[in-house]
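Engineer: If you scroll down you'll find the structure; I have some questions about it.
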Amino acid sequence: MADEVTRLFVKVTRDSLPQVKDKYPFIYLERGRLEIDDSSIKWIDSTNNVVPLPVATLNALLLGPGTSVTHDAVRTAAAANCAICWVGEDTLLFYAAGFLPTADTRNLKQQIELSADPSKSIEVARRMFARRFPEADLREKTLQEMMGMEGNRVRALYQQKAEQYQVGWKGRSFTPGKFEVSDLTNQILTSTNAALYGILCSATHALGYSPHIGFIHSGSPLPFVYDMADLYKAELCIDLAFSLTRELAGRYDKRKVAAAFRKRVIEADLLAKYGEDVAAMLGNSRAVRRRQ
């Protein structure tokens with residue numbers, strides 16, 4: 001297992017369990033088993049340490065590699081209104097989520113209401129673009145105009161980073177299913193973008209929003225995740241890709257890329273501030289951030 005300093009999530013122990021005051025009420029588990037003990041859920045890790053889990057105070061359990069869960073544990077989590085998501089290591093990939101029939105839907109309903117109203121939807125989009133264009137007057141801009149501005153900004157950013165790190169750059173390219181045919185910088189961009197999407201998809205589910213209801217992107221599997229990811233890509237993915245290209249000397253190294261990406265996510269405190277950013281983008285100071 002990787003050094004905990006380079007992990008998004010540290011090993012779960014009695015002392016490291018999240019408290020009610022925490023900003024993101026979900027925990028990540030890997031290499032262990034979820035079982036029932038006297039009608040409550042317990043986590044047994046790979047070294048046979050047993051940790052009772054306070055599922056009544058959690059929005060979601062994120063199950064990583066090497067985990068197993070009993071039917072009774074799933075039933076108990078559902079009864080406590082605690083969702084379960086299946087993810088890759090450190091939730092860098094998102095696979096599936098268990099949806100609760102009794103889940104609090106207030107955040108989801110507000111997201112749907114905003115998306116369904118054209119005037120409210122464009123205001124959400126403007127708030128998202130305003131993060132990247134703080135000096136621009138976007139009040140009369142259409143979605144297409146703002147997307148054009150963003151395209152120009154990203155292309156200029158790619159070129160700026162290529163010059164800053166003295167890396168050759170011919171443009172963004174990615175062929176689905178053919179990762180290896182891209183150049184090194186594009187490979188790093190593709191993998192770190194996917195990791196960012198995995199983290200945000202898990203967090204979005206845990207906060208009670210839908211990854212499928214977006215305000216800028218459309219016609220894609222996870223439009224809201226893509227909307228929000230664009231707020232963080234410049235530092236977490238783009239700068240990292242160009243800086244690592246020189247360090248890796250032409251050879252993609254999955255472990256080094258993952259470690260460097262985790263380090264940036266930790267430094268950015270992404271998991272702690274994502275809920276606040278979502279609420280701010282939706283213009284909703286009353287967003288439900290934890291179980292009541």
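The way I read the labels, and the way they are meant: chains A, B, ... in the order of the structure tokens, residue 1 as the first residue of every chain, and ligand 1 as the first ligand shown, with later ones counted on from there.
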At a cut-off of 12 Å, using only C-alpha atoms, what residues contact His71 in chain A? Leave out same-chain residues fewer than 6 positions from it and give the result as number ranges by chain.
Structural biologist: A: 33-36, 41, 77-78
Engineer: With the cut-off set at 12 Å and counting only C-alpha atoms, tabulate each residue of range 57-173 of chain A with an atom at most that distance from an atom of range 191-207 of chain A, showing the nearest atom pair and its distance in Å to one decimal, ordered by chain and increasing number, as a tab-separated table.
Structural biologist:
residue	atom	partner	partner_atom	distance
A:Leu58	CA	A:Ala206	CA	8.7
A:Asn59	CA	A:Ala206	CA	5.4
A:Ala60	CA	A:Ala206	CA	5.2
A:Leu61	CA	A:Ala206	CA	8.3
A:Leu62	CA	A:Ser202	CA	7.5
A:Leu63	CA	A:Ser202	CA	10.4
A:Gly64	CA	A:Ser202	CA	11.5
A:Asn81	CA	A:Ala206	CA	11.0
A:Cys82	CA	A:Ala206	CA	8.7
A:Ala83	CA	A:Ala206	CA	7.2
A:Ile84	CA	A:Ala206	CA	8.7
A:Cys85	CA	A:Ser202	CA	7.0
A:Trp86	CA	A:Ser202	CA	8.7
A:Val87	CA	A:Gly198	CA	7.7
A:Gly88	CA	A:Gly198	CA	8.3
A:Glu89	CA	A:Ala195	CA	9.9
A:Asp90	CA	A:Ile199	CA	8.1
A:Thr91	CA	A:Ile199	CA	5.5
A:Leu92	CA	A:Ala195	CA	4.3
A:Leu93	CA	A:Gly198	CA	4.4
A:Phe94	CA	A:Gly198	CA	4.7
A:Tyr95	CA	A:Gly198	CA	8.4
A:Ala96	CA	A:Ser202	CA	9.0
A:Ala97	CA	A:His205	CA	7.8
A:Gly98	CA	A:His205	CA	9.6
A:Phe99	CA	A:His205	CA	9.0
A:Leu100	CA	A:His205	CA	11.0
A:Ala103	CA	A:Ala206	CA	10.6
A:Asp104	CA	A:Leu207	CA	9.7
A:Thr105	CA	A:Leu207	CA	10.0
A:Arg106	CA	A:Leu207	CA	10.4
A:Asn107	CA	A:Leu207	CA	7.8
A:Leu108	CA	A:Leu207	CA	9.2
A:Gln111	CA	A:Thr204	CA	11.6
Engineer: Compile the contact shell of Met228 in chain A as an NGL selection string: residues with an atom at most 12 Å away, counting only C-alpha atoms, same-chain residues fewer than 4 positions apart removed.
Structural biologist: :A and (124-125 or 127-129 or 131-132 or 193 or 196-197 or 199-201 or 203-204 or 210-217 or 222-224 or 232-233 or 270 or 274-282)
Engineer: CA of Ala268 in chain A to CA of Asp230 in chain A: how many Å, to one decimal?
Structural biologist: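 So the answer is 14.5 Å.
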Engineer: For CA of Ser46 in chain A and CA of Gly32 in chain A, determine how far apart the two atoms are, in Å to one decimal place.
Structural biologist: 5.2 Å
Engineer: Could you give me, as a ChimeraX atom specification, each residue of range 21-213 of chain A that DSSP assigns to alpha helix (DSSP H) when run on this structure's backbone?
Structural biologist: /A:71-79,106-116,118-132,143-164,184-206
